[in-house]
Every structure is written in structure tokens, then in C-alpha cells.
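A.B. asks: Structure incoming, see below.
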Amino acid sequence: MNENQGGRPQGTEYPDADVRLTAWVRGHVQGVGFRWWVRARALEEGLVGAATNLRDGRVEVVAEGHRHACERLLGHLRDGRTPGRVDSVVERWARPGGTFTEFVER
């Protein structure tokens, strides 16, 4: 799916459109309760998906749901009030895959 300049998938002009956000979070984010914290924020936003530790020390966050809810989760990841320390967040937007029924920690 093509992304526009703002990083949002094209065709999501409607605030209630469902999307998939994939965010790779780099920093001191493993072994500090970060995935649990992400799951709690995602559930507050009504999202489904997963937070997964990667071998290189990053955490991959995949969230599906309303676009605005995913944007709010992304804001939480970047706002500096996370467990541990977030150095950077790289995001990718796509159509939802529909494979998740809840939000899990992996």
C-alpha cells in the first residue's frame, strides 16, 4: 500500500477507517514491562494486535483498529512516558489483516 507524505495509508480519509499500524520501537524497551504497558494502552484504545520482542532489542508493535485509535497508540509510544527508554519509533501503515482477535504480548 502506498503511503502519503504524512505516513498515513492512502484511502484512510475517514476517521473510523480500520488500519494496521506496525511500529518498531528502539531503545531500552525489553525487560522493563514495555510490552505489558503497550498492551494496556492498546486495550484502552480498543485495538487488537501484538507486542513482540525482537532479537535485535527492539519491540515490534502491530495494532489494528480505528485509525484515530492507532494514531493515539503511536502518540503514547512517542510521548516519553513509557517504561524503559524509547530512542526511536519507525512506523508503517497498511490495511488491517484481520488475523488478531485480542492484543497479546509475545
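For the C-alpha cells, the naming scheme is as follows: chains receive sequential letters (A, B, ...) according to their order of presentation, residues are indexed from 1 within each chain, and ligands are indexed from 1 in presentation order.
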Show which residues sit within 10 Å of Trp36 (chain A), as a VMD selection string. Count only C-alpha atoms, and ignore same-chain residues fewer than 6 positions away.
C.D. replies: chain A and resid 42 51 83 104 to 106
A.B. asks: Store the residues picked out above, limited to N, CA and C atoms, as a short mmCIF file (atom, residue, chain, number, x, y, z; two decimals), in the first residue's frame.
C.D. replies:
data_model
loop_
_atom_site.label_atom_id
_atom_site.label_comp_id
_atom_site.auth_asym_id
_atom_site.auth_seq_id
_atom_site.Cartn_x
_atom_site.Cartn_y
_atom_site.Cartn_z
N ALA A 42 -3.10 -0.27 24.29
CA ALA A 42 -3.85 -0.74 23.13
C ALA A 42 -5.26 -1.15 23.53
N ALA A 51 2.48 -7.15 20.77
CA ALA A 51 3.76 -6.50 21.06
C ALA A 51 4.77 -7.63 21.22
N PRO A 83 7.60 2.79 29.99
CA PRO A 83 8.63 2.11 30.79
C PRO A 83 9.91 2.03 29.97
N VAL A 104 -2.02 -9.19 22.37
CA VAL A 104 -1.18 -10.12 23.13
C VAL A 104 0.26 -9.65 23.20
N GLU A 105 0.96 -10.15 24.21
CA GLU A 105 2.39 -9.96 24.35
C GLU A 105 3.08 -11.22 23.87
N ARG A 106 4.09 -11.06 23.05
CA ARG A 106 4.84 -12.23 22.57
C ARG A 106 6.29 -12.10 22.95
#
A.B. asks: Step one, run DSSP on the backbone; step two, keep only residues of region 8-92 of chain A assigned to helix (DSSP H, G or I); then write them as a PyMOL selection string.
C.D. replies: chain A and resi 34-44+67-78
A.B. asks: Kindly indicate which residue among A:Ala40, A:Gln30, A:Trp24, A:Ala94 lies nearest to Arg67 (chain A), using only C-alpha atoms for the distances.
C.D. replies: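 Closest to Arg67 (chain A), using only C-alpha atoms: A:Ala94.
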A.B. asks: Measuring atom to atom with only C-alpha atoms, identify which of A:Gly31, A:Gly84, A:Gly46, A:Gly65 is nearest to Val19 (chain A).
C.D. replies: A:Gly65
A.B. asks: Determine, counting only C-alpha atoms, which protein, DNA and RNA residues have an atom within 9 Å of an atom of Val86 (chain A); residues of the same chain fewer than 6 positions away are not included. Present the result as a ChimeraX atom specification.
C.D. replies: /A:25-29,77-78,80
A.B. asks: Let's have the selection written as a PDB file, in the first residue's frame, with C-alpha atoms.
C.D. replies:
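Contents of the output file again.pdb:
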ATOM      1  CA  VAL A  25      10.436   0.722  18.870  1.00  0.00           C
ATOM      2  CA  ARG A  26      14.157   1.060  19.573  1.00  0.00           C
ATOM      3  CA  GLY A  27      15.738   1.876  22.930  1.00  0.00           C
ATOM      4  CA  HIS A  28      15.794   0.196  26.330  1.00  0.00           C
ATOM      5  CA  VAL A  29      12.409  -1.487  25.820  1.00  0.00           C
ATOM      6  CA  LEU A  77       4.836   5.215  22.133  1.00  0.00           C
ATOM      7  CA  ARG A  78       6.495   8.562  21.368  1.00  0.00           C
ATOM      8  CA  GLY A  80       8.350   9.829  26.641  1.00  0.00           C
TER       9      GLY A  80
END
